[in-house]
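Asks: Structure incoming, see below.
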Amino acid sequence: MSNWFKRIIVCTSVFALVGAGWPAGIAAGVTGEGSVHYGVKKQLAPGVVHYSFSTHNWSGQPVTGHVTEIKPGEELLEIRPALGHDALGGRETVSGLAARHGAVAAVNGGFFDGASGNPIGGLVVDGQVQYHQDVLRTSVGWTGGGNFKFGYFMPGADNVPMQSGFGSGLEGIEHLVTGGPLLVQDGIPVFQAVSEGFRGGVLTPNARTAVGVKADGNVLLVVVEKLSGTGDKGGSGSGPENANRDGSAGTNASAGLTLDELAWLMVRLGSVRAAGLDGGGSSVMWAGGELVSKPSDSSERKVANALVVLYQVPAYLDGRRVYFDAPPYLEQGRTYVPLRGLFELLGAAVTWDQETQTVDAARGERSVSLTIGQKEARVDGAAVLLDAVPRMVNGRTMVPLRFIGESLGDRVEWQSNPKAIRIHSTAGKNANHF
């Protein structure tokens, strides 16, 4: 987005704020807490914390929500787009996507077509355009290091001076989802929902999801709830002054926000830049192994994509990124992975004997048997001494990666900079391994 266009947005927004009767401090870009009340912060991983909040909308009704704040730059920490069932048009709940990727946190992603499940706008993963549709809505792009940028997605714009292959303002990004509208620019709320094509009921108070960037570079993933039971003007017992200790409203009521109110909230939360994502029944947040926000629908909606926050050693099978529901981790120089997930990824059949705590796996003529807590395993019937014992972690059998991969005849490579696991399967060309 060009500097002159930014100046027009900021000036227009300031006039709109004053004209709408906003406090002068907000119009000037003050980002103090104001009437936003915060719950206790919970660390989910190095550089990742979750906390709830409560406030009021402009009508005085209670509003509750959740924030996951990420400090980019931590080793093994990344934010990635994830597709429902790993396919365009696939739909999956945010809970399902988060659990399947071993995420520490996740929110719903960009808007999608209700019939096809395809994104409305664009989707980029690892620098590759997965989908593109011409639509004048703000896209959220970011690098692997967590540097977030906002602009209009224009793939193939290389021939235009001062633009990247993805559009002005989106230079150097690796991931992107189209959301909208733009909410905050240079610390000032902006109101361009209508100019980005939002109409009708989308403009009324609802559950919301947004992404923002603070002045210190921290990234905010924000979900605003809309829950029944809201009283007019935040009646007795429903305001932030009567909130629970975790920051949620005492009556479990939340009126939701308009897009203009969401812009105000993102400034109050500390954003200097921010944009909306899909909202309404799609808006949910997963954090610390559970759904922390309450869906506005009776149940969690299946969405086309999500933003997942990962803290794990990346794993690649035959060059393709793969995920486990229990993420790989390092301990005393050894990499542990979930046994069943890895065996099944490599095409092995797995059985578990609860009584003996033994796992057996077979692929073709090869067989492996391990017992929890024992350093001796059996490969094709012969005893093999392990350098680390299999263990149970959160209900998952975690095993030394190198032994498991190589016991089936596959080659496991440890990459030290950046840290990654690369598995070269003897059956790598077999498509059903993915």
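By convention here, the chains of the structure tokens are called A, B, ... in the order presented, each chain's residues are numbered starting at 1, and ligands are numbered starting at 1 in the order presented.
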Name all residues at most 8 Å from Val309 in chain A (count only C-alpha atoms; drop same-chain ones fewer than 5 positions away) and give them as a list in words.

Replies: Leu77, Glu78, Ile79, Arg80, Ala103, Val104, Ala105 and Ala106 of chain A

Asks: Would you mind listing what lies within 12 Å of range 345-350 of chain A as a ChimeraX atom specification, with only C-alpha atoms counted and same-chain residues fewer than 6 positions away left out?

Replies: /A:315-318,320-324,337-339,358-370,404-412,423-434

Asks: I need the chosen residues saved as a short mmCIF file (atom, residue, chain, number, x, y, z; two decimals), in the first residue's frame, with C-alpha atoms.

Replies:
```cif
data_model
loop_
_atom_site.label_atom_id
_atom_site.label_comp_id
_atom_site.auth_asym_id
_atom_site.auth_seq_id
_atom_site.Cartn_x
_atom_site.Cartn_y
_atom_site.Cartn_z
CA ALA A 315 9.36 -32.94 9.92
CA TYR A 316 9.54 -33.74 6.21
CA LEU A 317 8.78 -37.06 4.54
CA ASP A 318 10.30 -37.35 1.07
CA ARG A 320 6.93 -32.85 2.00
CA ARG A 321 6.06 -31.21 5.33
CA VAL A 322 4.21 -33.61 7.61
CA TYR A 323 2.59 -33.17 11.01
CA PHE A 324 1.86 -35.28 14.06
CA VAL A 337 8.20 -38.61 17.77
CA PRO A 338 4.77 -40.20 18.29
CA LEU A 339 5.20 -43.86 17.41
CA THR A 358 3.93 -53.16 23.80
CA VAL A 359 3.68 -51.74 20.29
CA ASP A 360 4.11 -53.97 17.24
CA ALA A 361 4.48 -52.64 13.71
CA ALA A 362 4.89 -54.39 10.38
CA ARG A 363 5.52 -53.26 6.82
CA GLY A 364 6.10 -55.85 4.16
CA GLU A 365 8.56 -58.39 5.54
CA ARG A 366 9.90 -56.09 8.27
CA SER A 367 8.61 -56.03 11.84
CA VAL A 368 9.37 -53.98 14.94
CA SER A 369 8.33 -54.46 18.56
CA LEU A 370 8.89 -52.00 21.45
CA ILE A 404 12.00 -46.09 14.33
CA GLY A 405 12.71 -44.79 10.85
CA GLU A 406 15.77 -46.91 10.18
CA SER A 407 14.27 -50.07 11.69
CA LEU A 408 11.85 -50.11 8.76
CA GLY A 409 14.66 -49.61 6.25
CA ASP A 410 14.11 -45.86 5.79
CA ARG A 411 16.81 -43.18 6.09
CA VAL A 412 16.46 -40.46 8.71
CA ILE A 423 12.80 -38.84 6.43
CA HIS A 424 13.62 -40.54 3.13
CA SER A 425 11.21 -43.42 2.72
CA THR A 426 11.97 -46.52 0.68
CA ALA A 427 8.35 -46.30 -0.43
CA GLY A 428 8.40 -42.52 -0.95
CA LYS A 429 6.66 -42.63 -4.32
CA ASN A 430 3.63 -44.37 -2.86
CA ALA A 431 0.98 -41.64 -2.78
CA ASN A 432 -1.07 -43.26 -0.03
CA HIS A 433 1.63 -42.35 2.48
CA PHE A 434 0.40 -38.75 2.44
#
```

Asks: Report as an NGL selection string: the residues of range 195-233 of chain A with a DSSP assignment of helix (DSSP H, G or I), based on the backbone of this structure.

Replies: :A and (200-203 or 232-233)

Asks: What are the closest atom pairs, with distances in Å to one decimal, for all residues of range 46-141 of chain A lying within 9 Å of range 206-228 of chain A? Consider only C-alpha atoms, order rows by chain and residue number, and present the result as a Markdown table.

Replies:
```
| residue | atom | partner | partner_atom | distance |
| --- | --- | --- | --- | --- |
| A:Val63 | CA | A:Glu225 | CA | 7.0 |
| A:Thr64 | CA | A:Glu225 | CA | 5.7 |
| A:Gly65 | CA | A:Val224 | CA | 4.3 |
| A:His66 | CA | A:Val223 | CA | 5.3 |
| A:Val67 | CA | A:Val222 | CA | 4.6 |
| A:Thr68 | CA | A:Leu221 | CA | 5.1 |
| A:Glu69 | CA | A:Leu220 | CA | 4.7 |
| A:Ile70 | CA | A:Val219 | CA | 5.1 |
| A:Lys71 | CA | A:Asn218 | CA | 4.8 |
| A:Pro72 | CA | A:Asn218 | CA | 6.5 |
| A:Ala106 | CA | A:Leu221 | CA | 8.4 |
| A:Val107 | CA | A:Leu221 | CA | 7.2 |
| A:Asn108 | CA | A:Thr209 | CA | 7.4 |
| A:Gly109 | CA | A:Thr209 | CA | 8.3 |
| A:Val140 | CA | A:Val211 | CA | 8.2 |
```

Asks: Any chance you could export the current selection's N, CA, C and O atoms as a PDB file, in the first residue's frame?

Replies:
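The file below, result23.pdb, is the result:
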```pdb
ATOM      1  N   VAL A  63     -18.843  -7.472  26.263  1.00  0.00           N
ATOM      2  CA  VAL A  63     -18.164  -8.185  25.184  1.00  0.00           C
ATOM      3  C   VAL A  63     -16.995  -8.946  25.781  1.00  0.00           C
ATOM      4  O   VAL A  63     -16.235  -8.400  26.585  1.00  0.00           O
ATOM      5  N   THR A  64     -16.854 -10.206  25.411  1.00  0.00           N
ATOM      6  CA  THR A  64     -15.733 -11.015  25.886  1.00  0.00           C
ATOM      7  C   THR A  64     -14.981 -11.604  24.705  1.00  0.00           C
ATOM      8  O   THR A  64     -15.507 -11.694  23.588  1.00  0.00           O
ATOM      9  N   GLY A  65     -13.765 -12.009  24.961  1.00  0.00           N
ATOM     10  CA  GLY A  65     -12.977 -12.600  23.889  1.00  0.00           C
ATOM     11  C   GLY A  65     -11.657 -13.154  24.387  1.00  0.00           C
ATOM     12  O   GLY A  65     -11.400 -13.218  25.594  1.00  0.00           O
ATOM     13  N   HIS A  66     -10.810 -13.535  23.430  1.00  0.00           N
ATOM     14  CA  HIS A  66      -9.537 -14.185  23.746  1.00  0.00           C
ATOM     15  C   HIS A  66      -8.440 -13.677  22.823  1.00  0.00           C
ATOM     16  O   HIS A  66      -8.694 -13.322  21.670  1.00  0.00           O
ATOM     17  N   VAL A  67      -7.219 -13.655  23.357  1.00  0.00           N
ATOM     18  CA  VAL A  67      -6.048 -13.233  22.597  1.00  0.00           C
ATOM     19  C   VAL A  67      -4.958 -14.287  22.732  1.00  0.00           C
ATOM     20  O   VAL A  67      -4.693 -14.774  23.836  1.00  0.00           O
ATOM     21  N   THR A  68      -4.347 -14.653  21.618  1.00  0.00           N
ATOM     22  CA  THR A  68      -3.076 -15.364  21.644  1.00  0.00           C
ATOM     23  C   THR A  68      -2.026 -14.392  21.127  1.00  0.00           C
ATOM     24  O   THR A  68      -2.141 -13.891  20.008  1.00  0.00           O
ATOM     25  N   GLU A  69      -1.045 -14.089  21.966  1.00  0.00           N
ATOM     26  CA  GLU A  69       0.012 -13.145  21.593  1.00  0.00           C
ATOM     27  C   GLU A  69       1.298 -13.907  21.331  1.00  0.00           C
ATOM     28  O   GLU A  69       1.730 -14.729  22.152  1.00  0.00           O
ATOM     29  N   ILE A  70       1.902 -13.644  20.184  1.00  0.00           N
ATOM     30  CA  ILE A  70       3.080 -14.381  19.745  1.00  0.00           C
ATOM     31  C   ILE A  70       4.245 -13.426  19.589  1.00  0.00           C
ATOM     32  O   ILE A  70       4.118 -12.370  18.944  1.00  0.00           O
ATOM     33  N   LYS A  71       5.394 -13.786  20.160  1.00  0.00           N
ATOM     34  CA  LYS A  71       6.622 -13.026  19.968  1.00  0.00           C
ATOM     35  C   LYS A  71       7.449 -13.735  18.909  1.00  0.00           C
ATOM     36  O   LYS A  71       8.070 -14.767  19.181  1.00  0.00           O
ATOM     37  N   PRO A  72       7.464 -13.240  17.673  1.00  0.00           N
ATOM     38  CA  PRO A  72       8.185 -13.922  16.600  1.00  0.00           C
ATOM     39  C   PRO A  72       9.684 -13.998  16.886  1.00  0.00           C
ATOM     40  O   PRO A  72      10.234 -13.186  17.635  1.00  0.00           O
ATOM     41  N   ALA A 106      -4.512 -21.812  17.723  1.00  0.00           N
ATOM     42  CA  ALA A 106      -5.031 -21.689  16.356  1.00  0.00           C
ATOM     43  C   ALA A 106      -6.287 -20.837  16.376  1.00  0.00           C
ATOM     44  O   ALA A 106      -7.013 -20.778  17.374  1.00  0.00           O
ATOM     45  N   VAL A 107      -6.538 -20.151  15.244  1.00  0.00           N
ATOM     46  CA  VAL A 107      -7.800 -19.445  15.019  1.00  0.00           C
ATOM     47  C   VAL A 107      -8.249 -19.751  13.599  1.00  0.00           C
ATOM     48  O   VAL A 107      -7.461 -20.198  12.761  1.00  0.00           O
ATOM     49  N   ASN A 108      -9.525 -19.500  13.332  1.00  0.00           N
ATOM     50  CA  ASN A 108     -10.025 -19.652  11.961  1.00  0.00           C
ATOM     51  C   ASN A 108      -9.322 -18.657  11.047  1.00  0.00           C
ATOM     52  O   ASN A 108      -8.827 -17.625  11.498  1.00  0.00           O
ATOM     53  N   GLY A 109      -9.276 -18.966   9.745  1.00  0.00           N
ATOM     54  CA  GLY A 109      -8.526 -18.142   8.810  1.00  0.00           C
ATOM     55  C   GLY A 109      -9.389 -17.231   7.964  1.00  0.00           C
ATOM     56  O   GLY A 109     -10.283 -16.544   8.461  1.00  0.00           O
ATOM     57  N   VAL A 140      -3.733 -10.759   4.470  1.00  0.00           N
ATOM     58  CA  VAL A 140      -2.740 -10.796   5.532  1.00  0.00           C
ATOM     59  C   VAL A 140      -1.636 -11.745   5.093  1.00  0.00           C
ATOM     60  O   VAL A 140      -1.883 -12.940   4.886  1.00  0.00           O
TER      61      VAL A 140
END
```

Asks: Where does DSSP see strand (DSSP E) in range 20-170 of chain A, if you list the residues as number ranges by chain?

Replies: A: 37-38, 42-45, 48-56, 62-70, 77-83, 92-93, 105-108, 122-125, 128-132, 138-142, 148-152

Asks: Between A:Ala193, A:Ala87, A:Ala377, A:Leu259, which is the closest to Gly117 in chain A once you count only C-alpha atoms?

Replies: A:Ala87
